[in-house]
$ cat final-v4.tsv   # TSV, C-alpha atoms and all ligand atoms
chain	number	residue	atom	x	y	z
A	1	MET	CA	98.34	104.02	84.31
A	2	ALA	CA	100.65	106.89	83.36
A	3	ASP	CA	101.99	109.07	86.19
A	4	LEU	CA	101.60	112.09	83.98
A	5	ALA	CA	98.94	112.50	81.31
A	6	ILE	CA	98.71	115.60	79.14
A	7	ASP	CA	95.66	115.68	76.94
A	8	ASN	CA	95.01	118.37	74.30
A	9	LEU	CA	96.66	120.98	76.48
A	10	ALA	CA	96.39	124.57	75.21
A	11	LYS	CA	97.69	127.78	76.71
A	12	THR	CA	97.06	131.26	75.38
A	13	TYR	CA	98.64	134.34	76.95
A	14	GLY	CA	97.00	137.76	76.80
A	15	THR	CA	93.76	138.90	75.25
A	16	GLY	CA	92.62	140.76	72.12
A	17	ALA	CA	95.39	141.93	69.81
A	18	GLY	CA	98.02	140.84	72.31
A	19	THR	CA	96.91	137.20	72.26
A	20	HIS	CA	99.71	134.68	71.94
A	21	ILE	CA	99.09	130.96	71.54
A	22	ALA	CA	101.99	129.35	73.40
A	23	LEU	CA	100.57	125.81	73.27
A	24	GLN	CA	97.91	124.83	70.79
A	25	SER	CA	97.24	121.19	71.51
A	26	VAL	CA	99.79	119.07	73.31
A	27	SER	CA	99.19	115.44	74.24
A	28	PHE	CA	101.58	112.85	75.60
A	29	GLU	CA	102.06	110.63	78.63
A	30	VAL	CA	104.90	109.75	80.96
A	31	GLY	CA	104.79	106.31	82.53
A	32	ALA	CA	105.76	105.50	86.11
A	33	GLY	CA	109.54	105.59	86.51
A	34	GLU	CA	110.06	106.89	83.00
A	35	LEU	CA	112.41	109.77	82.14
A	36	VAL	CA	111.01	111.79	79.27
A	37	ALA	CA	112.85	114.75	77.76
A	38	VAL	CA	111.01	117.58	76.04
A	39	VAL	CA	113.01	119.40	73.39
A	40	GLY	CA	112.15	122.14	70.94
A	41	PRO	CA	113.29	125.53	69.70
A	42	SER	CA	113.31	128.51	72.02
A	43	GLY	CA	109.83	129.93	72.52
A	44	CYS	CA	107.98	126.74	71.53
A	45	GLY	CA	106.28	126.56	74.93
A	46	LYS	CA	108.46	124.17	76.94
A	47	THR	CA	108.38	126.26	80.11
A	48	THR	CA	104.68	126.95	79.65
A	49	LEU	CA	104.07	123.21	79.41
A	50	LEU	CA	105.99	122.57	82.62
A	51	ARG	CA	104.18	125.38	84.44
A	52	CYS	CA	100.83	123.91	83.44
A	53	VAL	CA	101.87	120.46	84.67
A	54	ALA	CA	103.14	121.96	87.93
A	55	GLY	CA	99.84	123.74	88.45
A	56	LEU	CA	101.56	127.14	88.44
A	57	VAL	CA	99.51	128.49	85.52
A	58	PRO	CA	96.01	127.39	84.52
A	59	PRO	CA	95.67	125.84	81.04
A	60	SER	CA	93.35	127.57	78.56
A	61	ALA	CA	92.01	124.19	77.45
A	62	GLY	CA	92.72	120.51	77.80
A	63	ARG	CA	93.57	118.36	80.72
A	64	VAL	CA	96.63	117.56	82.80
A	65	ARG	CA	96.64	114.66	85.24
A	66	VAL	CA	99.43	113.90	87.70
A	67	LEU	CA	99.26	110.55	89.51
A	68	GLY	CA	95.69	110.12	88.32
A	69	GLU	CA	94.42	113.47	89.63
A	70	ASP	CA	93.45	116.51	87.61
A	71	VAL	CA	95.88	119.35	88.23
A	72	THR	CA	94.15	122.30	89.86
A	73	GLY	CA	97.01	123.64	91.99
A	74	VAL	CA	100.54	122.41	92.70
A	75	PRO	CA	100.03	118.62	92.82
A	76	GLU	CA	101.01	116.61	95.85
A	77	GLY	CA	104.00	114.40	95.22
A	78	LEU	CA	105.45	116.70	92.58
A	79	ALA	CA	108.60	118.82	92.75
A	80	VAL	CA	110.18	121.22	90.25
A	81	VAL	CA	113.79	122.21	89.56
A	82	PHE	CA	114.06	125.46	87.60
A	83	GLN	CA	116.84	126.74	85.39
A	84	ASP	CA	117.82	129.67	87.54
A	85	TYR	CA	119.19	128.22	90.75
A	86	SER	CA	120.40	131.63	91.91
A	87	ARG	CA	116.81	132.78	92.13
A	88	SER	CA	115.33	129.54	93.41
A	89	LEU	CA	117.46	129.31	96.58
A	90	PHE	CA	116.99	131.67	99.51
A	91	PRO	CA	120.31	133.51	99.91
A	92	TRP	CA	119.73	134.26	103.60
A	93	MET	CA	119.20	130.60	104.52
A	94	ARG	CA	121.95	128.07	104.96
A	95	VAL	CA	121.98	125.16	102.50
A	96	GLY	CA	120.44	122.74	105.01
A	97	ARG	CA	117.57	125.15	105.74
A	98	ASN	CA	116.99	125.70	102.04
A	99	VAL	CA	116.62	121.96	101.51
A	100	GLU	CA	114.42	121.61	104.58
A	101	PHE	CA	112.11	124.50	103.71
A	102	PRO	CA	109.53	122.71	101.48
A	103	LEU	CA	109.30	119.86	104.01
A	104	ARG	CA	107.47	122.06	106.50
A	105	THR	CA	104.20	121.21	104.75
A	106	LEU	CA	104.71	117.44	105.21
A	107	PRO	CA	103.67	115.51	108.33
A	108	LEU	CA	107.24	114.83	109.47
A	109	THR	CA	108.96	115.09	112.83
A	110	LYS	CA	111.97	117.36	113.18
A	111	VAL	CA	114.24	114.31	113.26
A	112	GLU	CA	112.69	112.89	110.08
A	113	ARG	CA	113.08	116.25	108.36
A	114	ARG	CA	116.75	116.44	109.31
A	115	GLN	CA	117.28	112.87	108.07
A	116	ARG	CA	115.78	113.68	104.71
A	117	VAL	CA	117.94	116.79	104.39
A	118	GLN	CA	121.08	114.80	105.17
A	119	GLN	CA	120.12	111.95	102.87
A	120	SER	CA	119.36	114.17	99.90
A	121	LEU	CA	122.42	116.37	100.37
A	122	ALA	CA	124.48	113.16	100.47
A	123	ALA	CA	122.79	111.95	97.27
A	124	VAL	CA	124.08	115.04	95.43
A	125	GLY	CA	127.52	114.89	97.07
A	126	LEU	CA	127.04	117.89	99.36
A	127	ALA	CA	126.73	116.21	102.76
A	128	ASP	CA	129.37	118.54	104.21
A	129	LYS	CA	127.87	121.79	102.90
A	130	ALA	CA	124.69	122.02	104.99
A	131	ASP	CA	126.01	124.96	107.01
A	132	ARG	CA	127.17	127.03	104.06
A	133	TYR	CA	125.17	129.80	102.43
A	134	PRO	CA	124.24	129.32	98.75
A	135	TRP	CA	126.43	132.24	97.69
A	136	GLN	CA	129.46	130.50	99.19
A	137	LEU	CA	129.05	127.67	96.64
A	138	SER	CA	129.80	127.42	92.90
A	139	GLY	CA	126.97	127.53	90.36
A	140	GLY	CA	127.05	123.77	89.87
A	141	MET	CA	126.91	123.19	93.62
A	142	GLN	CA	123.96	125.57	93.97
A	143	GLN	CA	122.10	123.65	91.31
A	144	ARG	CA	122.87	120.45	93.24
A	145	VAL	CA	121.33	122.09	96.31
A	146	ALA	CA	118.20	122.84	94.27
A	147	ILE	CA	118.10	119.18	93.19
A	148	ALA	CA	118.63	118.03	96.79
A	149	ARG	CA	115.73	120.22	97.86
A	150	ALA	CA	113.50	118.54	95.29
A	151	LEU	CA	114.72	115.07	96.33
A	152	ALA	CA	114.19	115.71	100.03
A	153	TYR	CA	110.53	116.11	99.26
A	154	GLN	CA	110.65	112.54	97.85
A	155	PRO	CA	108.46	113.41	94.89
A	156	ARG	CA	106.92	110.71	92.75
A	157	VAL	CA	107.15	113.11	89.81
A	158	LEU	CA	110.04	115.52	89.22
A	159	LEU	CA	109.89	118.31	86.65
A	160	MET	CA	113.12	119.93	85.51
A	161	ASP	CA	113.21	123.03	83.30
A	162	GLU	CA	116.57	123.40	81.55
A	163	PRO	CA	118.18	122.82	84.93
A	164	PHE	CA	121.78	122.69	83.70
A	165	ALA	CA	121.70	125.44	81.09
A	166	SER	CA	123.81	127.84	83.12
A	167	VAL	CA	126.62	125.58	84.36
A	168	ASP	CA	129.86	124.66	82.58
A	169	ALA	CA	130.10	121.53	80.41
A	170	GLN	CA	132.02	119.45	82.94
A	171	THR	CA	129.60	120.20	85.76
A	172	ARG	CA	126.69	119.63	83.45
A	173	ALA	CA	127.91	116.12	82.58
A	174	GLY	CA	128.14	115.34	86.30
A	175	LEU	CA	124.62	116.65	86.93
A	176	GLU	CA	123.23	114.60	84.03
A	177	ASP	CA	124.70	111.45	85.54
A	178	LEU	CA	123.38	112.49	88.94
A	179	THR	CA	119.88	112.83	87.45
A	180	ARG	CA	119.89	109.30	86.09
A	181	ARG	CA	121.35	107.94	89.30
A	182	VAL	CA	118.80	109.55	91.63
A	183	ARG	CA	115.99	108.55	89.30
A	184	ALA	CA	117.04	104.91	89.76
A	185	GLU	CA	117.71	105.34	93.48
A	186	PHE	CA	114.51	107.20	94.37
A	187	GLY	CA	112.33	105.55	91.69
A	188	MET	CA	110.95	108.81	90.32
A	189	THR	CA	109.15	109.76	87.13
A	190	ILE	CA	110.95	112.65	85.47
A	191	LEU	CA	109.92	115.19	82.85
A	192	PHE	CA	113.07	117.02	81.75
A	193	VAL	CA	112.99	120.09	79.52
A	194	THR	CA	116.12	120.95	77.57
A	195	HIS	CA	117.06	122.60	74.28
A	196	ASP	CA	120.20	120.47	74.09
A	197	ILE	CA	119.84	117.47	71.77
A	198	ASP	CA	122.81	115.54	73.17
A	199	GLU	CA	121.47	115.98	76.67
A	200	SER	CA	118.02	114.73	75.70
A	201	VAL	CA	119.35	111.56	74.01
A	202	TYR	CA	121.81	110.85	76.80
A	203	LEU	CA	119.30	111.27	79.61
A	204	ALA	CA	115.98	110.11	78.35
A	205	ASP	CA	114.05	106.92	77.73
A	206	ARG	CA	111.92	108.89	75.28
A	207	VAL	CA	112.15	112.36	73.72
A	208	VAL	CA	109.11	114.50	72.90
A	209	VAL	CA	109.80	117.14	70.25
A	210	LEU	CA	107.66	120.27	70.47
A	211	ARG	CA	107.27	122.52	67.47
A	212	ARG	CA	106.80	126.26	67.45
A	213	SER	CA	104.06	128.48	66.03
A	214	PRO	CA	102.00	127.27	67.67
A	215	GLY	CA	103.26	124.73	70.18
A	216	ALA	CA	102.33	121.12	69.57
A	217	VAL	CA	104.04	117.74	69.61
A	218	LEU	CA	105.91	117.16	66.36
A	219	ALA	CA	107.30	113.72	67.20
A	220	GLU	CA	108.09	111.25	69.97
A	221	VAL	CA	111.33	109.31	69.74
A	222	GLU	CA	112.11	106.21	71.82
A	223	ILE	CA	115.75	106.23	72.88
A	224	ASP	CA	117.24	102.86	72.21
A	225	LEU	CA	120.30	102.93	74.46
A	226	PRO	CA	121.37	100.68	77.35
A	227	ALA	CA	120.09	101.78	80.78
A	228	GLU	CA	123.65	102.02	82.07
A	229	ARG	CA	125.03	105.16	80.42
A	230	ASP	CA	128.46	106.71	80.29
A	231	GLN	CA	129.32	110.19	79.03
A	232	ILE	CA	132.07	108.96	76.71
A	233	ALA	CA	131.15	105.36	75.84
A	234	THR	CA	127.42	105.97	75.30
A	235	LYS	CA	127.99	109.09	73.22
A	236	SER	CA	130.25	107.17	70.84
A	237	LEU	CA	127.71	104.40	70.19
A	238	PRO	CA	126.42	104.41	66.58
A	239	GLU	CA	122.87	104.37	67.97
A	240	PHE	CA	123.52	107.54	69.97
A	241	VAL	CA	124.93	109.30	66.92
A	242	ARG	CA	122.00	108.13	64.78
A	243	GLN	CA	119.35	109.26	67.24
A	244	ARG	CA	121.07	112.58	67.75
A	245	SER	CA	120.96	113.38	64.04
A	246	GLU	CA	117.38	112.19	63.78
A	247	LEU	CA	116.45	114.60	66.58
A	248	ALA	CA	118.53	117.43	65.11
A	249	GLN	CA	116.51	117.11	61.91
A	250	LEU	CA	113.24	117.06	63.80
A	251	ILE	CA	114.20	120.17	65.77
A	252	ARG	CA	115.09	122.00	62.57
A	253	GLN	CA	111.65	121.11	61.29
A	254	ALA	CA	110.13	122.13	64.63
A	255	ALA	CA	111.51	125.66	64.28
A	256	GLU	CA	109.77	126.21	60.93
A	257	PRO	CA	106.23	127.55	60.96
A	258	SER	CA	103.80	124.68	60.61
A	259	ARG	CA	102.36	124.11	57.11
A	260	GLN	CA	98.96	125.23	58.23
A	261	THR	CA	100.32	128.50	59.62
A	262	ALA	CA	102.43	129.08	56.50
A	263	ARG	CA	99.42	128.56	54.24
A	264	THR	CA	97.36	131.00	56.28
A	265	ALA	CA	100.12	133.56	55.98
A	266	VAL	CA	100.19	133.22	52.17
A	267	THR	CA	96.45	133.60	51.67
A	268	GLN	CA	96.15	136.65	53.90
A	301	LIG	P1	110.27	127.98	75.88
A	301	LIG	O1	110.42	127.60	77.31
A	301	LIG	O2	110.11	126.82	74.95
A	301	LIG	O3	111.38	128.88	75.42
A	301	LIG	P2	107.99	129.53	76.81
A	301	LIG	O4	107.00	128.58	77.34
A	301	LIG	O5	108.82	130.28	77.80
A	301	LIG	O6	108.91	128.80	75.73
A	301	LIG	O7	107.24	130.61	75.92
A	301	LIG	C1	106.40	130.25	74.84
A	301	LIG	C2	105.84	131.51	74.22
A	301	LIG	O8	104.94	132.13	75.12
A	301	LIG	C3	106.91	132.53	73.89
A	301	LIG	O9	106.58	133.17	72.68
A	301	LIG	C4	106.84	133.51	75.05
A	301	LIG	O10	107.21	134.80	74.65
A	301	LIG	C5	105.36	133.44	75.42
A	301	LIG	N1	105.15	133.67	76.86
A	301	LIG	C6	105.69	132.95	77.87
A	301	LIG	N2	105.28	133.40	79.07
A	301	LIG	C7	104.45	134.43	78.82
A	301	LIG	C8	103.68	135.33	79.64
A	301	LIG	N3	103.68	135.22	80.97
A	301	LIG	N4	102.94	136.28	79.01
A	301	LIG	C9	102.92	136.37	77.66
A	301	LIG	N5	103.61	135.56	76.83
A	301	LIG	C10	104.38	134.61	77.39
A	302	MG	MG	111.90	127.88	78.76
$ encode --input "final-v4.tsv" --output "structure tokens"
Amino acid sequence: MADLAIDNLAKTYGTGAGTHIALQSVSFEVGAGELVAVVGPSGCGKTTLLRCVAGLVPPSAGRVRVLGEDVTGVPEGLAVVFQDYSRSLFPWMRVGRNVEFPLRTLPLTKVERRQRVQQSLAAVGLADKADRYPWQLSGGMQQRVAIARALAYQPRVLLMDEPFASVDAQTRAGLEDLTRRVRAEFGMTILFVTHDIDESVYLADRVVVLRRSPGAVLAEVEIDLPAERDQIATKSLPEFVRQRSELAQLIRQAAEPSRQTARTAVTQ
């Protein structure tokens, strides 16, 4: 059974004249251990989708199941990494405390908590930074702390919302490789939102393309690349180049109003 099942999900913001349909009807699944990327033009509802899956906003219609359970609040066994690391870390807490913070809700001893903090900071290459404050670290390092915090929780399902959008290209490449490595190491299921086509092809086993106006799945593309990936070698493979242009075309299409919407506009 899929770890994550999204079935005819709809989300409308506001009421009356201010109503905005962010998601009309979105359905797809993510299997256990799979890494699925969601791409689509800005405003197509990617963040809304993630918030619904994380139980942070209630859907207007449809069904979301995580690990077989209907989502009614933040699901157990699920962690989220947001885009804005500067707002997601507590500036007054040292790095180690930041990573430890979500663990307080788990039935762990103090020693076990400390072990998890150490292990996850080591996994992101920050074992020696536990006593620093977030603001003493670079942007890329802060995002690694946010990832370590999610890992320490040992989630079965990890959601990531454009997590590397605000770091430089070099750091971003490192964080992409880190994501694939920890997925293998910790055996997680990952749903990764990005607007970057290269990133989606490089990272994912499958890419879901969302279209705008209103949000729905336009296409799902299986990524046919070897599991072992390398920033330079993989990106020069003909298959990578082919899938990247296929997705670029789909995203261009995804930004256009859907035919149905366009027709409505003409007849009005
Ligand atoms: P994406 O992450 O793909 O850029 P979002 O999910 O953030 O898209 O937003 C989808 C649409 O819903 C956008 O048009 C956005 O303006 C609107 N929207 C998002 N959040 C809210 C909100 N809290 N209230 C009203 N409209 C919102
Ligand atoms: Mg977004």
$ residues_near_ligand --input "final-v4.tsv" --ligand "ligand LIG 301 (chain A)" --cutoff "10 Å" --atoms "all atoms listed in the file" --output "PyMOL selection string"
chain A and resi 11-15+18-23+38-52+57+161-162+193-195+210-215
$ residues_around --input "final-v4.tsv" --residues "A:Leu191" --least-positions-apart "2" --cutoff "12 Å" --atoms "all atoms listed in the file" --output "PyMOL selection string"
chain A and resi 3-6+28-39+46-47+49-51+53-54+66+78-81+156-163+179+183+188-189+193-194+200+203-208
$ closest_residue --input "final-v4.tsv" --among "A:Leu108, A:Ala184, A:Val71, A:Met141" --to "A:Leu9" --atoms "only C-alpha atoms"
A:Val71
$ closest_residue --input "final-v4.tsv" --among "A:Thr109, A:Arg242, A:Ala216, A:Gln83" --to "ligand MG 302 (chain A)" --atoms "all atoms listed in the file"
A:Gln83
$ residues_around --input "final-v4.tsv" --residues "A:Val95" --least-positions-apart "5" --cutoff "8 Å" --atoms "only C-alpha atoms" --output "PyMOL selection string"
chain A and resi 129-134+145
$ atom_distance --input "final-v4.tsv" --atom1 "atom CA of A:Pro238" --atom2 "atom CA of A:Phe164"
25.5 Å
$ residues_around --input "final-v4.tsv" --residues "A:Val241" --least-positions-apart "3" --cutoff "12 Å" --atoms "only C-alpha atoms" --output "ChimeraX atom specification"
/A:197-198,201-202,223-225,233-238,244-248
$ write_last_selection --input "final-v4.tsv" --atoms "C-alpha atoms" --output "PDB file, in the frame of the given file"
ATOM      1  CA  ILE A 197     119.840 117.470  71.770  1.00  0.00           C
ATOM      2  CA  ASP A 198     122.810 115.540  73.170  1.00  0.00           C
ATOM      3  CA  VAL A 201     119.350 111.560  74.010  1.00  0.00           C
ATOM      4  CA  TYR A 202     121.810 110.850  76.800  1.00  0.00           C
ATOM      5  CA  ILE A 223     115.750 106.230  72.880  1.00  0.00           C
ATOM      6  CA  ASP A 224     117.240 102.860  72.210  1.00  0.00           C
ATOM      7  CA  LEU A 225     120.300 102.930  74.460  1.00  0.00           C
ATOM      8  CA  ALA A 233     131.150 105.360  75.840  1.00  0.00           C
ATOM      9  CA  THR A 234     127.420 105.970  75.300  1.00  0.00           C
ATOM     10  CA  LYS A 235     127.990 109.090  73.220  1.00  0.00           C
ATOM     11  CA  SER A 236     130.250 107.170  70.840  1.00  0.00           C
ATOM     12  CA  LEU A 237     127.710 104.400  70.190  1.00  0.00           C
ATOM     13  CA  PRO A 238     126.420 104.410  66.580  1.00  0.00           C
ATOM     14  CA  ARG A 244     121.070 112.580  67.750  1.00  0.00           C
ATOM     15  CA  SER A 245     120.960 113.380  64.040  1.00  0.00           C
ATOM     16  CA  GLU A 246     117.380 112.190  63.780  1.00  0.00           C
ATOM     17  CA  LEU A 247     116.450 114.600  66.580  1.00  0.00           C
ATOM     18  CA  ALA A 248     118.530 117.430  65.110  1.00  0.00           C
TER      19      ALA A 248
END
$ closest_residue --input "final-v4.tsv" --among "A:Val64, A:Val217, A:Ala165, A:Val182" --to "ligand MG 302 (chain A)" --atoms "all atoms listed in the file"
A:Ala165
$ closest_residue --input "final-v4.tsv" --among "A:Asn8, A:Glu176, A:Arg149, A:Phe192" --to "ligand MG 302 (chain A)" --atoms "all atoms listed in the file"
A:Phe192
$ closest_residue --input "final-v4.tsv" --among "A:Gln24, A:Phe82, A:Ser88, A:Pro59" --to "ligand MG 302 (chain A)" --atoms "all atoms listed in the file"
A:Phe82
$ closest_residue --input "final-v4.tsv" --among "A:Asp70, A:Gln142, A:Pro75, A:Asp84" --to "ligand MG 302 (chain A)" --atoms "only C-alpha atoms and all ligand atoms"
A:Asp84
$ atom_distance --input "final-v4.tsv" --atom1 "atom CA of A:Phe90" --atom2 "atom CA of A:Leu151"
17.1 Å
$ atom_distance --input "final-v4.tsv" --atom1 "atom CA of A:Ala146" --atom2 "atom CA of A:Phe240"
29.2 Å
$ residues_around --input "final-v4.tsv" --residues "A:Arg116" --least-positions-apart "2" --cutoff "12 Å" --atoms "all atoms listed in the file" --output "count of residues only"
30
$ axis_aligned_box --input "final-v4.tsv" --around "stretch 12-18 of chain A" --padding-each-side "3 Å" --output "JSON"
{"center_x": 95.6, "center_y": 136.6, "center_z": 73.4, "size_x": 12.0, "size_y": 16.7, "size_z": 13.1}
